[in-house]
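The next block is work39.tsv, given as TSV, C-alpha atoms.
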chain	number	residue	atom	x	y	z
A	1	MET	CA	-74.70	-219.34	36.47
A	2	SER	CA	-72.07	-218.58	33.90
A	3	LEU	CA	-72.46	-215.72	31.48
A	4	PRO	CA	-70.64	-216.63	28.27
A	5	TYR	CA	-68.74	-213.77	26.75
A	6	ARG	CA	-66.85	-213.58	23.49
A	7	PRO	CA	-64.95	-210.34	22.92
A	8	ALA	CA	-66.21	-208.47	19.88
A	9	THR	CA	-62.60	-207.75	18.87
A	10	ALA	CA	-61.98	-211.49	18.60
A	11	VAL	CA	-65.02	-211.80	16.34
A	12	ASN	CA	-63.76	-208.96	14.11
A	13	ASP	CA	-60.25	-210.51	14.04
A	14	GLU	CA	-61.76	-213.75	12.75
A	15	PHE	CA	-63.40	-211.84	9.90
A	16	ALA	CA	-60.09	-210.22	8.98
A	17	THR	CA	-58.11	-213.49	9.03
A	18	GLY	CA	-60.75	-215.57	7.27
A	19	ARG	CA	-61.06	-218.11	10.08
A	20	ALA	CA	-64.37	-219.67	11.02
A	21	LEU	CA	-66.93	-217.47	12.69
A	22	PRO	CA	-67.81	-218.25	16.29
A	23	HIS	CA	-71.31	-219.37	15.26
A	24	ALA	CA	-69.72	-222.22	13.34
A	25	VAL	CA	-68.00	-223.37	16.52
A	26	LEU	CA	-70.35	-222.29	19.31
A	27	ASP	CA	-73.91	-223.47	19.41
A	28	HIS	CA	-74.84	-221.62	22.58
A	29	TRP	CA	-75.92	-218.04	23.15
A	30	THR	CA	-73.09	-215.60	23.71
A	31	ARG	CA	-72.95	-211.87	24.29
A	32	PRO	CA	-70.44	-210.05	22.01
A	33	TYR	CA	-69.59	-207.47	24.68
A	34	ARG	CA	-68.98	-207.27	28.42
A	35	PRO	CA	-71.64	-205.94	30.75
A	36	GLY	CA	-70.90	-202.28	31.40
A	37	PRO	CA	-69.64	-200.78	34.63
A	38	TRP	CA	-73.00	-199.23	35.50
A	39	ARG	CA	-74.79	-202.57	35.21
A	40	VAL	CA	-72.08	-204.39	37.17
A	41	ALA	CA	-72.05	-201.72	39.90
A	42	ALA	CA	-75.84	-201.90	40.31
A	43	ALA	CA	-75.66	-205.69	40.48
A	44	ALA	CA	-72.84	-205.59	43.04
A	45	LEU	CA	-74.78	-203.20	45.26
A	46	ALA	CA	-77.92	-205.31	45.02
A	47	LEU	CA	-76.00	-208.49	45.85
A	48	MET	CA	-74.34	-206.77	48.80
A	49	LEU	CA	-77.76	-205.76	50.12
A	50	ALA	CA	-78.97	-209.33	49.56
A	51	ALA	CA	-76.02	-210.63	51.59
A	52	TYR	CA	-76.99	-208.34	54.48
A	53	LEU	CA	-80.58	-209.57	54.22
A	54	LEU	CA	-79.41	-213.19	54.29
A	55	LEU	CA	-77.36	-212.46	57.40
A	56	ALA	CA	-80.36	-210.74	58.98
A	57	ALA	CA	-82.52	-213.77	58.16
A	58	LEU	CA	-79.98	-216.05	59.85
A	59	ILE	CA	-79.88	-213.87	62.97
A	60	MET	CA	-83.67	-213.71	63.08
A	61	ALA	CA	-83.93	-217.48	62.69
A	62	LEU	CA	-81.42	-218.09	65.49
A	63	ALA	CA	-83.31	-215.63	67.72
A	64	GLY	CA	-86.55	-217.55	67.21
A	65	GLY	CA	-88.39	-215.31	64.75
A	66	ALA	CA	-89.17	-217.93	62.10
A	67	SER	CA	-91.85	-216.00	60.21
A	68	GLY	CA	-89.75	-212.82	60.04
A	69	ALA	CA	-86.69	-214.81	58.99
A	70	ALA	CA	-88.68	-216.51	56.23
A	71	THR	CA	-89.95	-213.17	54.96
A	72	VAL	CA	-86.47	-211.64	54.89
A	73	LEU	CA	-85.08	-214.80	53.23
A	74	VAL	CA	-87.70	-214.62	50.48
A	75	ILE	CA	-86.92	-210.93	49.90
A	76	ALA	CA	-83.19	-211.70	49.67
A	77	LEU	CA	-83.75	-214.57	47.22
A	78	LEU	CA	-86.02	-212.38	45.11
A	79	MET	CA	-83.33	-209.67	45.07
A	80	ILE	CA	-80.72	-212.21	43.94
A	81	ALA	CA	-82.99	-213.47	41.16
A	82	CYS	CA	-83.69	-209.90	39.98
A	83	THR	CA	-79.96	-209.13	40.00
A	84	LEU	CA	-79.18	-212.19	37.89
A	85	ARG	CA	-81.83	-211.11	35.40
A	86	LEU	CA	-80.32	-207.62	35.32
A	87	LEU	CA	-76.95	-209.13	34.38
A	88	ARG	CA	-78.49	-211.11	31.50
A	89	VAL	CA	-80.10	-208.05	29.84
A	90	GLY	CA	-78.61	-207.29	26.43
A	91	VAL	CA	-78.16	-208.71	22.95
A	92	TRP	CA	-77.10	-212.35	22.65
A	93	LEU	CA	-75.97	-214.12	19.47
A	94	SER	CA	-75.67	-217.69	18.27
A	95	GLY	CA	-75.76	-219.53	14.97
A	96	LYS	CA	-79.52	-219.78	15.45
A	97	GLY	CA	-80.29	-216.07	15.58
A	98	VAL	CA	-80.22	-212.91	17.63
A	99	ARG	CA	-81.81	-212.73	21.07
A	100	GLN	CA	-82.76	-209.46	22.69
A	101	VAL	CA	-83.07	-210.02	26.43
A	102	GLY	CA	-84.94	-207.36	28.35
A	103	TYR	CA	-85.63	-207.22	32.05
A	104	PHE	CA	-89.22	-208.41	31.68
A	105	GLY	CA	-89.13	-210.22	28.34
A	106	THR	CA	-87.01	-211.85	25.68
A	107	VAL	CA	-87.38	-211.73	21.91
A	108	THR	CA	-85.54	-214.23	19.70
A	109	VAL	CA	-85.34	-213.72	15.95
A	110	PRO	CA	-83.83	-216.42	13.72
A	111	TRP	CA	-81.22	-215.10	11.29
A	112	GLY	CA	-83.49	-215.96	8.36
A	113	ARG	CA	-86.10	-213.51	9.65
A	114	VAL	CA	-83.66	-210.61	10.20
A	115	ALA	CA	-84.05	-208.06	7.41
A	116	SER	CA	-81.41	-205.56	8.53
A	117	VAL	CA	-79.12	-204.66	11.39
A	118	ARG	CA	-77.86	-201.10	11.37
A	119	THR	CA	-76.67	-198.31	13.62
A	120	ALA	CA	-78.70	-195.10	13.53
A	121	GLN	CA	-78.58	-191.66	15.14
A	122	GLN	CA	-81.81	-191.10	17.05
A	123	PRO	CA	-83.13	-190.02	20.44
A	124	VAL	CA	-82.25	-192.71	22.99
A	125	LYS	CA	-83.08	-193.15	26.67
A	126	VAL	CA	-80.31	-192.56	29.19
A	127	MET	CA	-79.91	-195.70	31.32
A	128	GLY	CA	-83.49	-196.72	30.49
A	129	LEU	CA	-84.95	-193.65	32.21
A	130	PRO	CA	-87.60	-191.41	30.56
A	131	ARG	CA	-85.02	-188.71	29.70
A	132	THR	CA	-83.85	-188.92	26.08
A	133	VAL	CA	-80.77	-187.53	24.39
A	134	GLN	CA	-79.40	-187.73	20.88
A	135	GLY	CA	-77.34	-190.89	20.55
A	136	GLN	CA	-76.72	-194.05	18.58
A	137	ALA	CA	-78.87	-197.17	18.64
A	138	LEU	CA	-78.47	-200.57	17.05
A	139	LEU	CA	-81.70	-201.25	15.16
A	140	ILE	CA	-82.71	-204.79	14.26
A	141	THR	CA	-85.50	-205.00	11.70
A	142	ARG	CA	-87.39	-208.23	11.03
A	143	ARG	CA	-88.64	-209.26	7.62
A	144	GLY	CA	-92.01	-207.60	7.19
A	145	GLY	CA	-90.83	-204.28	8.61
A	146	GLN	CA	-91.24	-204.93	12.34
A	147	SER	CA	-88.42	-203.48	14.42
A	148	LEU	CA	-87.18	-204.66	17.76
A	149	ARG	CA	-86.88	-201.96	20.38
A	150	PRO	CA	-83.35	-200.50	20.45
A	151	LEU	CA	-82.03	-202.22	23.55
A	152	LEU	CA	-78.42	-201.67	22.51
A	153	THR	CA	-77.68	-197.92	22.65
A	154	ASP	CA	-74.63	-195.85	23.46
A	155	HIS	CA	-76.43	-194.47	26.55
A	156	ASN	CA	-77.60	-197.69	28.19
A	157	ALA	CA	-76.03	-199.29	31.27
A	158	ASP	CA	-73.53	-201.25	29.18
A	159	PHE	CA	-72.13	-198.43	27.05
A	160	LEU	CA	-72.64	-195.14	28.91
A	161	GLY	CA	-69.27	-193.40	28.62
A	162	ARG	CA	-67.86	-196.20	26.44
A	163	ILE	CA	-68.54	-195.12	22.86
A	164	GLU	CA	-65.71	-197.26	21.43
A	165	ALA	CA	-67.12	-200.38	23.11
A	166	PHE	CA	-70.55	-199.64	21.59
A	167	ASP	CA	-69.01	-199.29	18.12
A	168	ILE	CA	-67.12	-202.59	18.45
A	169	ALA	CA	-70.21	-204.46	19.71
A	170	ALA	CA	-72.45	-202.96	17.02
A	171	ASP	CA	-69.92	-203.85	14.31
A	172	ALA	CA	-69.72	-207.42	15.60
A	173	ILE	CA	-73.50	-207.84	15.61
A	174	GLU	CA	-73.77	-206.29	12.13
A	175	SER	CA	-71.04	-208.67	10.91
A	176	TRP	CA	-72.86	-211.71	12.26
A	177	ALA	CA	-76.07	-210.54	10.61
A	178	ALA	CA	-74.37	-209.92	7.26
A	179	GLU	CA	-72.80	-213.38	7.34
A	180	LEU	CA	-75.86	-215.32	8.47
A	181	ARG	CA	-78.81	-213.62	6.77
Represent the structure from my file as structure tokens, please.
Amino acid sequence: MSLPYRPATAVNDEFATGRALPHAVLDHWTRPYRPGPWRVAAAALALMLAAYLLLAALIMALAGGASGAATVLVIALLMIACTLRLLRVGVWLSGKGVRQVGYFGTVTVPWGRVASVRTAQQPVKVMGLPRTVQGQALLITRRGGQSLRPLLTDHNADFLGRIEAFDIAADAIESWAAELR
């Protein structure tokens, strides 16, 4: 499974030079930032554990424990599927709209229904945990006043310790919204 990525700096460079926006060229969903080191590290650890489970399932199958091997194989495949979902979490853009992918659900809003995209100072969760701190969040408001939950914050797994990367990604998403609304 490929995860398309278009650097936010390239998007901002296209605004500065007057060239076509990526949405005019790309018709698929793309993330304007790289997954952060915390998200990648968690995924790598989970995939390493899944590899050990797959090896254990093979050894169990060769030793004659078919039911135990099947159970361990299912657990490993479930872990791989959960890890792939973890890597897809974030904000995705296309010419069609903005997609906010969460771990358990996805919300897609067409650009015509986006009222505003802005960065705001507010209490945000640290790495999705209950603890909150003062930070920045990218807020996407639909027409009619409904807001999406702030999935893109400077304290989530993609931007913890990378404030500059958050600013670049937020600027890119705000630029797409300004151009396409």
Residue with smallest distance to Val114 of chain A - pool A:Leu139, A:Ala81, A:Ala44, A:Leu58, counting all atoms listed in the file: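 Of A:Leu139, A:Ala81, A:Ala44, A:Leu58, the one nearest Val114 of chain A is A:Leu139, counting all atoms listed in the file.
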Quick one: residues within 9 Å of Ile163 of chain A, all atoms listed in the file, excluding same-chain residues fewer than 5 positions away - as a ChimeraX atom specification? /A:154-155,168
Figure out the distance between atom CA of Glu179 of chain A and atom CA of Leu151 of chain A, please, to one decimal in Å.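 Computing the Euclidean distance for atom CA of Leu151 of chain A and atom CA of Glu179 of chain A yields 21.7 Å.
Between Val107 of chain A and the candidates A:Met48, A:Leu148, A:Val133, A:Val89, the tightest atom-to-atom separation, counting only C-alpha atoms, involves A:Leu148.
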Of the candidates A:Val98, A:Ala50, A:Leu86, A:Ala57, which one gets nearest to Arg31 of chain A if we count only C-alpha atoms? A:Val98
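Among the candidates A:Leu77, A:Gly102, A:Ala177, A:Met127, the one nearest to Asp158 of chain A when counting all atoms listed in the file is A:Met127.
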Using all atoms listed in the file, which of A:Pro150, A:Arg142, A:Gly64, A:Asp171 sits nearest Gln100 of chain A? A:Pro150
Kindly give the distance, in Å, that separates atom CA of Gly112 of chain A and atom CA of Arg143 of chain A, rounded to a single decimal. 8.5 Å
Leaving out Arg39 of chain A and any residue of its chain fewer than 5 positions from it, which residues lie within 12 Å of it when counting only C-alpha atoms, given as a PyMOL selection string? chain A and resi 34+44-46+83-90+127-128+155-160
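Reported to one decimal place, the separation of atom CA of Ala178 of chain A from atom CA of His28 of chain A is 19.3 Å.
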